[in-house]
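Everything below belongs to model_18.txt, which stores compact mmCIF, N, CA and C atoms and all ligand atoms.
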# COMPACT_ATOMS: atom_id res chain seq x y z
N MET A 14 -12.78 -38.92 6.42
CA MET A 14 -11.35 -38.54 6.43
C MET A 14 -11.04 -37.68 5.19
N LEU A 15 -10.09 -36.79 5.33
CA LEU A 15 -9.74 -35.93 4.20
C LEU A 15 -8.91 -36.71 3.18
N ALA A 16 -9.27 -36.53 1.91
CA ALA A 16 -8.49 -37.17 0.85
C ALA A 16 -7.19 -36.39 0.67
N ALA A 17 -6.22 -37.01 0.03
CA ALA A 17 -4.91 -36.37 -0.14
C ALA A 17 -5.04 -35.03 -0.88
N ASP A 18 -5.87 -35.01 -1.94
CA ASP A 18 -5.96 -33.74 -2.68
C ASP A 18 -6.71 -32.67 -1.88
N GLU A 19 -7.62 -33.07 -0.98
CA GLU A 19 -8.29 -32.09 -0.12
C GLU A 19 -7.28 -31.50 0.87
N LYS A 20 -6.44 -32.36 1.41
CA LYS A 20 -5.40 -31.85 2.34
C LYS A 20 -4.50 -30.86 1.61
N ARG A 21 -4.15 -31.20 0.40
CA ARG A 21 -3.26 -30.34 -0.37
C ARG A 21 -3.94 -28.98 -0.61
N LEU A 22 -5.24 -29.00 -0.93
CA LEU A 22 -5.97 -27.75 -1.18
C LEU A 22 -6.02 -26.88 0.07
N ILE A 23 -6.20 -27.52 1.21
CA ILE A 23 -6.25 -26.74 2.46
C ILE A 23 -4.88 -26.12 2.76
N LEU A 24 -3.84 -26.90 2.60
CA LEU A 24 -2.49 -26.36 2.84
C LEU A 24 -2.21 -25.19 1.90
N LEU A 25 -2.65 -25.34 0.66
CA LEU A 25 -2.40 -24.30 -0.34
C LEU A 25 -3.13 -23.00 -0.03
N THR A 26 -4.35 -23.11 0.48
CA THR A 26 -5.17 -21.91 0.64
C THR A 26 -5.08 -21.28 2.03
N TRP A 27 -4.63 -22.06 3.02
CA TRP A 27 -4.64 -21.57 4.41
C TRP A 27 -3.94 -20.23 4.57
N ASN A 28 -2.77 -20.10 3.96
CA ASN A 28 -2.01 -18.86 4.13
C ASN A 28 -2.60 -17.68 3.37
N LYS A 29 -3.59 -17.94 2.54
CA LYS A 29 -4.20 -16.84 1.79
C LYS A 29 -5.42 -16.27 2.51
N THR A 30 -5.87 -16.91 3.61
CA THR A 30 -7.03 -16.38 4.32
C THR A 30 -6.63 -15.13 5.08
N LYS A 31 -7.55 -14.21 5.14
CA LYS A 31 -7.23 -12.91 5.74
C LYS A 31 -7.42 -12.94 7.25
N THR A 32 -6.46 -12.41 7.97
CA THR A 32 -6.65 -12.22 9.40
C THR A 32 -6.33 -10.76 9.70
N TYR A 33 -7.17 -10.12 10.51
CA TYR A 33 -7.03 -8.68 10.72
C TYR A 33 -6.05 -8.33 11.83
N PHE A 34 -5.81 -9.24 12.75
CA PHE A 34 -4.98 -8.90 13.90
C PHE A 34 -3.84 -9.90 14.11
N PRO A 35 -3.03 -10.13 13.07
CA PRO A 35 -1.96 -11.14 13.20
C PRO A 35 -0.92 -10.72 14.23
N HIS A 36 -0.82 -9.40 14.47
CA HIS A 36 0.23 -8.87 15.34
C HIS A 36 -0.26 -8.71 16.78
N PHE A 37 -1.48 -9.13 17.08
CA PHE A 37 -2.02 -8.99 18.44
C PHE A 37 -1.88 -10.30 19.20
N ASP A 38 -1.73 -10.16 20.50
CA ASP A 38 -1.89 -11.32 21.39
C ASP A 38 -3.41 -11.51 21.52
N LEU A 39 -3.92 -12.62 21.04
CA LEU A 39 -5.38 -12.80 21.00
C LEU A 39 -5.90 -13.67 22.14
N ARG A 40 -5.07 -13.89 23.15
CA ARG A 40 -5.54 -14.74 24.26
C ARG A 40 -6.48 -13.95 25.17
N PRO A 41 -7.33 -14.69 25.93
CA PRO A 41 -8.23 -13.98 26.85
C PRO A 41 -7.45 -13.03 27.76
N ASP A 42 -8.01 -11.86 27.99
CA ASP A 42 -7.39 -10.85 28.87
C ASP A 42 -6.15 -10.18 28.27
N SER A 43 -5.97 -10.36 26.98
CA SER A 43 -4.81 -9.77 26.31
C SER A 43 -4.81 -8.25 26.46
N LYS A 44 -3.63 -7.68 26.77
CA LYS A 44 -3.52 -6.21 26.89
C LYS A 44 -3.78 -5.55 25.55
N HIS A 45 -3.32 -6.19 24.47
CA HIS A 45 -3.55 -5.65 23.13
C HIS A 45 -5.05 -5.45 22.87
N ILE A 46 -5.81 -6.49 23.19
CA ILE A 46 -7.24 -6.44 22.89
C ILE A 46 -7.93 -5.40 23.76
N ARG A 47 -7.55 -5.35 25.05
CA ARG A 47 -8.17 -4.35 25.95
C ARG A 47 -7.87 -2.94 25.46
N TRP A 48 -6.62 -2.70 25.07
CA TRP A 48 -6.21 -1.37 24.60
C TRP A 48 -6.93 -1.02 23.31
N HIS A 49 -7.03 -2.01 22.43
CA HIS A 49 -7.72 -1.77 21.16
C HIS A 49 -9.21 -1.49 21.40
N GLY A 50 -9.81 -2.28 22.30
CA GLY A 50 -11.22 -2.09 22.62
C GLY A 50 -11.48 -0.67 23.11
N LYS A 51 -10.54 -0.16 23.94
CA LYS A 51 -10.67 1.22 24.45
C LYS A 51 -10.71 2.21 23.30
N LYS A 52 -9.83 2.01 22.32
CA LYS A 52 -9.77 2.94 21.18
C LYS A 52 -11.07 2.88 20.37
N VAL A 53 -11.57 1.66 20.18
CA VAL A 53 -12.78 1.50 19.38
C VAL A 53 -13.98 2.17 20.08
N VAL A 54 -14.08 1.93 21.40
CA VAL A 54 -15.20 2.53 22.14
C VAL A 54 -15.06 4.05 22.20
N ALA A 55 -13.82 4.55 22.29
CA ALA A 55 -13.63 6.01 22.27
C ALA A 55 -14.11 6.58 20.93
N ALA A 56 -13.86 5.86 19.84
CA ALA A 56 -14.32 6.33 18.52
C ALA A 56 -15.85 6.32 18.47
N LEU A 57 -16.47 5.31 19.08
CA LEU A 57 -17.94 5.31 19.14
C LEU A 57 -18.43 6.51 19.94
N GLY A 58 -17.71 6.84 21.01
CA GLY A 58 -18.05 8.02 21.82
C GLY A 58 -17.97 9.29 20.98
N ASP A 59 -16.96 9.39 20.11
CA ASP A 59 -16.87 10.54 19.19
C ASP A 59 -18.10 10.60 18.31
N ALA A 60 -18.51 9.43 17.82
CA ALA A 60 -19.70 9.39 16.95
C ALA A 60 -20.94 9.85 17.72
N VAL A 61 -21.03 9.45 19.00
CA VAL A 61 -22.18 9.87 19.82
C VAL A 61 -22.17 11.39 19.98
N ARG A 62 -20.97 11.94 20.25
CA ARG A 62 -20.88 13.40 20.45
C ARG A 62 -21.16 14.18 19.17
N HIS A 63 -20.94 13.51 18.02
CA HIS A 63 -21.20 14.18 16.73
C HIS A 63 -22.30 13.45 15.97
N ILE A 64 -23.36 13.15 16.70
CA ILE A 64 -24.39 12.25 16.15
C ILE A 64 -25.07 12.81 14.90
N ASP A 65 -24.99 14.15 14.73
CA ASP A 65 -25.59 14.74 13.52
C ASP A 65 -24.61 14.82 12.36
N ASN A 66 -23.37 14.44 12.62
CA ASN A 66 -22.38 14.50 11.53
C ASN A 66 -21.32 13.42 11.72
N ILE A 67 -21.81 12.18 11.76
CA ILE A 67 -20.91 11.05 12.04
C ILE A 67 -19.86 10.91 10.94
N SER A 68 -20.25 11.17 9.71
CA SER A 68 -19.30 10.92 8.61
C SER A 68 -18.09 11.85 8.70
N GLU A 69 -18.32 13.09 9.14
CA GLU A 69 -17.17 13.98 9.27
C GLU A 69 -16.33 13.60 10.49
N ALA A 70 -17.03 13.28 11.60
CA ALA A 70 -16.31 12.94 12.83
C ALA A 70 -15.41 11.71 12.64
N LEU A 71 -15.85 10.76 11.82
CA LEU A 71 -15.09 9.51 11.65
C LEU A 71 -14.40 9.43 10.30
N SER A 72 -14.20 10.58 9.66
CA SER A 72 -13.67 10.57 8.31
C SER A 72 -12.28 9.91 8.21
N ALA A 73 -11.38 10.25 9.13
CA ALA A 73 -10.03 9.66 9.08
C ALA A 73 -10.10 8.16 9.33
N LEU A 74 -10.98 7.80 10.25
CA LEU A 74 -11.12 6.38 10.60
C LEU A 74 -11.72 5.59 9.42
N SER A 75 -12.57 6.27 8.68
CA SER A 75 -13.16 5.65 7.50
C SER A 75 -12.07 5.37 6.46
N ASN A 76 -11.22 6.36 6.22
CA ASN A 76 -10.12 6.14 5.27
C ASN A 76 -9.25 4.97 5.71
N LEU A 77 -8.96 4.92 7.01
CA LEU A 77 -8.12 3.83 7.53
C LEU A 77 -8.75 2.47 7.23
N HIS A 78 -10.04 2.33 7.57
CA HIS A 78 -10.69 1.01 7.41
C HIS A 78 -10.91 0.64 5.95
N VAL A 79 -11.17 1.65 5.13
CA VAL A 79 -11.46 1.34 3.72
C VAL A 79 -10.19 1.15 2.91
N TYR A 80 -9.27 2.12 3.02
CA TYR A 80 -8.12 2.08 2.11
C TYR A 80 -6.91 1.33 2.65
N SER A 81 -6.68 1.39 3.97
CA SER A 81 -5.49 0.71 4.49
C SER A 81 -5.82 -0.69 4.99
N LEU A 82 -6.83 -0.78 5.85
CA LEU A 82 -7.12 -2.08 6.46
C LEU A 82 -7.96 -2.97 5.54
N ARG A 83 -8.74 -2.33 4.67
CA ARG A 83 -9.62 -3.06 3.73
C ARG A 83 -10.47 -4.11 4.45
N VAL A 84 -11.18 -3.62 5.45
CA VAL A 84 -12.02 -4.53 6.24
C VAL A 84 -13.25 -4.92 5.43
N ASP A 85 -13.52 -6.20 5.36
CA ASP A 85 -14.73 -6.69 4.69
C ASP A 85 -15.95 -6.21 5.49
N PRO A 86 -16.88 -5.49 4.84
CA PRO A 86 -18.03 -4.92 5.56
C PRO A 86 -18.81 -5.92 6.39
N VAL A 87 -18.80 -7.18 6.02
CA VAL A 87 -19.59 -8.16 6.77
C VAL A 87 -19.16 -8.20 8.24
N ASN A 88 -17.91 -7.87 8.50
CA ASN A 88 -17.41 -7.91 9.88
C ASN A 88 -18.06 -6.85 10.76
N PHE A 89 -18.51 -5.77 10.15
CA PHE A 89 -19.15 -4.71 10.94
C PHE A 89 -20.47 -5.19 11.54
N LYS A 90 -21.17 -6.00 10.76
CA LYS A 90 -22.44 -6.55 11.28
C LYS A 90 -22.17 -7.41 12.51
N LEU A 91 -21.12 -8.21 12.43
CA LEU A 91 -20.79 -9.10 13.55
C LEU A 91 -20.40 -8.28 14.77
N LEU A 92 -19.55 -7.27 14.54
CA LEU A 92 -19.08 -6.45 15.67
C LEU A 92 -20.24 -5.66 16.30
N CYS A 93 -21.13 -5.14 15.46
CA CYS A 93 -22.27 -4.37 15.99
C CYS A 93 -23.15 -5.27 16.86
N HIS A 94 -23.27 -6.50 16.45
CA HIS A 94 -24.04 -7.44 17.26
C HIS A 94 -23.38 -7.60 18.64
N CYS A 95 -22.06 -7.69 18.65
CA CYS A 95 -21.34 -7.81 19.94
C CYS A 95 -21.59 -6.57 20.80
N PHE A 96 -21.53 -5.38 20.17
CA PHE A 96 -21.80 -4.15 20.93
C PHE A 96 -23.19 -4.21 21.57
N GLN A 97 -24.15 -4.68 20.78
CA GLN A 97 -25.53 -4.73 21.29
C GLN A 97 -25.63 -5.66 22.51
N VAL A 98 -24.92 -6.77 22.45
CA VAL A 98 -24.96 -7.71 23.58
C VAL A 98 -24.36 -7.05 24.82
N VAL A 99 -23.25 -6.34 24.63
CA VAL A 99 -22.60 -5.66 25.76
C VAL A 99 -23.53 -4.58 26.34
N LEU A 100 -24.16 -3.83 25.45
CA LEU A 100 -25.10 -2.79 25.92
C LEU A 100 -26.25 -3.42 26.70
N ALA A 101 -26.76 -4.52 26.20
CA ALA A 101 -27.89 -5.17 26.87
C ALA A 101 -27.48 -5.65 28.26
N VAL A 102 -26.27 -6.18 28.37
CA VAL A 102 -25.80 -6.66 29.67
C VAL A 102 -25.68 -5.49 30.65
N HIS A 103 -25.13 -4.37 30.16
CA HIS A 103 -24.89 -3.24 31.06
C HIS A 103 -26.15 -2.45 31.37
N LEU A 104 -27.02 -2.27 30.37
CA LEU A 104 -28.20 -1.43 30.59
C LEU A 104 -29.37 -2.21 31.19
N ALA A 105 -29.30 -3.53 31.10
CA ALA A 105 -30.34 -4.41 31.66
C ALA A 105 -31.74 -3.92 31.30
N ASP A 106 -32.59 -3.59 32.32
CA ASP A 106 -33.98 -3.25 31.98
C ASP A 106 -34.11 -1.89 31.28
N LYS A 107 -33.02 -1.13 31.26
CA LYS A 107 -33.07 0.14 30.49
C LYS A 107 -32.86 -0.11 29.00
N TYR A 108 -32.47 -1.32 28.68
CA TYR A 108 -32.27 -1.68 27.27
C TYR A 108 -33.61 -2.13 26.68
N THR A 109 -34.48 -1.16 26.52
CA THR A 109 -35.84 -1.44 26.02
C THR A 109 -35.78 -1.70 24.51
N PRO A 110 -36.87 -2.22 23.94
CA PRO A 110 -36.89 -2.40 22.49
C PRO A 110 -36.59 -1.09 21.74
N GLN A 111 -37.05 0.04 22.30
CA GLN A 111 -36.81 1.33 21.65
C GLN A 111 -35.31 1.68 21.66
N VAL A 112 -34.68 1.42 22.83
CA VAL A 112 -33.24 1.70 22.94
C VAL A 112 -32.48 0.76 22.00
N HIS A 113 -32.89 -0.48 21.97
CA HIS A 113 -32.25 -1.46 21.08
C HIS A 113 -32.32 -0.98 19.63
N LEU A 114 -33.50 -0.56 19.24
CA LEU A 114 -33.70 -0.10 17.86
C LEU A 114 -32.84 1.13 17.56
N ALA A 115 -32.80 2.06 18.53
CA ALA A 115 -32.02 3.29 18.32
C ALA A 115 -30.54 2.94 18.14
N TYR A 116 -30.02 2.03 18.98
CA TYR A 116 -28.61 1.64 18.84
C TYR A 116 -28.38 0.88 17.54
N ASP A 117 -29.35 0.08 17.16
CA ASP A 117 -29.21 -0.65 15.90
C ASP A 117 -29.00 0.33 14.75
N LYS A 118 -29.80 1.40 14.75
CA LYS A 118 -29.68 2.41 13.69
C LYS A 118 -28.37 3.18 13.80
N PHE A 119 -28.02 3.54 15.04
CA PHE A 119 -26.78 4.29 15.26
C PHE A 119 -25.56 3.48 14.80
N LEU A 120 -25.51 2.21 15.20
CA LEU A 120 -24.35 1.37 14.84
C LEU A 120 -24.31 1.11 13.34
N ALA A 121 -25.49 1.00 12.73
CA ALA A 121 -25.53 0.82 11.27
C ALA A 121 -25.00 2.08 10.58
N ALA A 122 -25.32 3.26 11.17
CA ALA A 122 -24.84 4.52 10.59
C ALA A 122 -23.32 4.61 10.71
N VAL A 123 -22.79 4.22 11.87
CA VAL A 123 -21.33 4.24 12.07
C VAL A 123 -20.68 3.26 11.08
N SER A 124 -21.25 2.07 10.95
CA SER A 124 -20.68 1.07 10.04
C SER A 124 -20.71 1.57 8.60
N ALA A 125 -21.79 2.25 8.24
CA ALA A 125 -21.89 2.76 6.87
C ALA A 125 -20.76 3.75 6.60
N VAL A 126 -20.48 4.60 7.61
CA VAL A 126 -19.40 5.57 7.43
C VAL A 126 -18.05 4.87 7.27
N LEU A 127 -17.84 3.81 8.03
CA LEU A 127 -16.53 3.13 7.98
C LEU A 127 -16.39 2.18 6.80
N THR A 128 -17.47 1.99 6.02
CA THR A 128 -17.37 1.06 4.87
C THR A 128 -17.87 1.68 3.57
N LYS A 129 -18.46 2.87 3.63
CA LYS A 129 -19.24 3.33 2.46
C LYS A 129 -18.38 3.58 1.23
N LYS A 130 -17.09 3.78 1.43
CA LYS A 130 -16.27 4.07 0.26
C LYS A 130 -16.07 2.84 -0.63
N TYR A 131 -16.55 1.68 -0.15
CA TYR A 131 -16.50 0.49 -0.99
C TYR A 131 -17.53 0.59 -2.11
N ARG A 132 -18.58 1.41 -1.84
CA ARG A 132 -19.71 1.37 -2.77
C ARG A 132 -19.64 2.45 -3.82
NI1 LIG B 201 -11.40 -0.92 13.58
C1 LIG B 201 -8.14 0.09 14.12
C2 LIG B 201 -12.53 1.82 15.38
C3 LIG B 201 -14.64 -1.95 13.15
C4 LIG B 201 -10.28 -3.83 12.15
N1 LIG B 201 -10.50 0.64 14.57
C5 LIG B 201 -9.14 0.86 14.67
C6 LIG B 201 -8.92 2.04 15.49
C7 LIG B 201 -10.16 2.52 15.86
C8 LIG B 201 -11.16 1.64 15.26
C9 LIG B 201 -10.45 3.75 16.71
C10 LIG B 201 -7.57 2.61 15.89
C11 LIG B 201 -7.14 3.62 14.84
C12 LIG B 201 -5.81 4.26 15.17
O1 LIG B 201 -5.05 3.72 15.98
O2 LIG B 201 -5.56 5.33 14.59
N2 LIG B 201 -13.24 -0.20 14.16
C13 LIG B 201 -13.50 0.95 14.86
C14 LIG B 201 -14.94 1.12 15.00
C15 LIG B 201 -15.53 0.07 14.38
C16 LIG B 201 -14.44 -0.77 13.85
C17 LIG B 201 -15.59 2.31 15.73
C18 LIG B 201 -16.97 -0.29 14.21
C19 LIG B 201 -17.96 0.24 14.85
N3 LIG B 201 -12.29 -2.57 12.78
C20 LIG B 201 -13.63 -2.82 12.72
C21 LIG B 201 -13.87 -4.12 12.14
C22 LIG B 201 -12.63 -4.67 11.86
C23 LIG B 201 -11.64 -3.67 12.27
C24 LIG B 201 -15.25 -4.72 11.90
C25 LIG B 201 -12.28 -5.98 11.27
C26 LIG B 201 -12.80 -7.12 11.69
N4 LIG B 201 -9.54 -1.72 13.18
C27 LIG B 201 -9.31 -2.95 12.60
C28 LIG B 201 -7.88 -3.15 12.49
C29 LIG B 201 -7.27 -2.02 13.07
C30 LIG B 201 -8.34 -1.14 13.50
C31 LIG B 201 -7.20 -4.37 11.88
C32 LIG B 201 -5.76 -1.74 13.20
C33 LIG B 201 -5.28 -2.38 14.49
C34 LIG B 201 -3.83 -2.06 14.80
O3 LIG B 201 -3.57 -1.39 15.80
O4 LIG B 201 -2.96 -2.52 14.04

Please express the file's structure as structure tokens.
Amino acid sequence: MLAADEKRLILLTWNKTKTYFPHFDLRPDSKHIRWHGKKVVAALGDAVRHIDNISEALSALSNLHVYSLRVDPVNFKLLCHCFQVVLAVHLADKYTPQVHLAYDKFLAAVSAVLTKKYR
């Protein structure tokens, strides 16, 4: 059971934890999430179309994530993993180890662009 001072510590710190989407409806099938997902995938499509110059193609988006949203880079690893799972489901046997590796590098490059100004 939680001791009284542990409860107090949790109450004190709970409101200080960061949440990125406080203004979204986060329930399954939420229109907010579907609409946001579309925007994110469209940005990935831009990166694919500008695969030799991802940093320029995503420059505005990089400023947004670094300076305004201040996204902790660790979240990019988690999100990239989700993308890989979705790709594997859709591409099935076309999702070979080589394709997996290529996407791993591509998504890491996109993440680096969206977080590199931290470094
Ligand atoms: Ni991200 C907004 C693309 C990773 C938190 N993000 C966007 C938008 C695009 C986008 C596009 C919409 C910009 C606009 O409306 O002008 N985000 C991407 C891409 C990746 C990514 C391509 C990684 C591959 N974003 C992340 C991660 C987080 C994140 C890992 C945090 C967990 N993004 C946000 C937040 C917003 C956002 C927060 C603003 C949402 C809103 O509409 O208020």

Have a look at A:Ala105, A:Ala70, A:Leu57, A:Ala16 and name the one nearest to ligand LIG 201 (chain B); count only N, CA and C atoms and all ligand atoms.
A:Leu57

One decimal, Å: what's the distance from atom C of A:Pro86 over to atom CA of A:Ser68, could you say?
17.0 Å

Nearest-residue call for ligand LIG 201 (chain B), choices A:Arg21, A:Arg83, A:His63, A:Lys29, using all atoms listed in the file:
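Checking each candidate against ligand LIG 201 (chain B), we get A:Arg83 as the closest.
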
I'd like to know which of A:Val53, A:Ala121, A:Ile23, A:Val102 is closest to ligand LIG 201 (chain B), using all atoms listed in the file.
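That would be A:Val53, the residue with the smallest distance to ligand LIG 201 (chain B).
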
Would you mind listing, for every residue of chain A within 6 Å of ligand LIG 201 (chain B), the two atoms forming the shortest contact and the distance between them in Å to one decimal, using only C-alpha atoms and all ligand atoms, sorted by chain and ascending residue number, as CSV?
residue,atom,partner,partner_atom,distance
A:Tyr33,CA,B:LIG201,C31,4.5
A:Phe34,CA,B:LIG201,C31,5.4
A:Lys52,CA,B:LIG201,C9,4.6
A:Val53,CA,B:LIG201,C2,4.0
A:Ala56,CA,B:LIG201,C9,5.0
A:Leu57,CA,B:LIG201,C17,5.1
A:Leu82,CA,B:LIG201,C31,5.9
A:Val84,CA,B:LIG201,C25,5.2
A:Asn88,CA,B:LIG201,C24,4.3
A:Phe89,CA,B:LIG201,C24,4.0
A:Leu92,CA,B:LIG201,C24,5.6
A:Val123,CA,B:LIG201,C19,5.9
A:Ser124,CA,B:LIG201,C19,5.6

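Atom CA of A:Val98 to atom C of A:Lys118 spans 15.0 Å [interatomic distance, one decimal].
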
For the atom pair atom C of A:Val54 and atom N of A:Cys95, what is the interatomic distance in Å to one decimal place?
14.1 Å

DSSP on the backbone, then: every residue of stretch 15-129 of chain A marked alpha helix (DSSP H), written as number ranges by chain.
A: 17-27, 44-62, 67-70, 72-76, 87-104, 110-128

Neighbours of A:Leu120 within 7 Å (only N, CA and C atoms; same-chain residues fewer than 5 positions away dropped), as an MDAnalysis selection string?
chainID A and resid 93 115 125
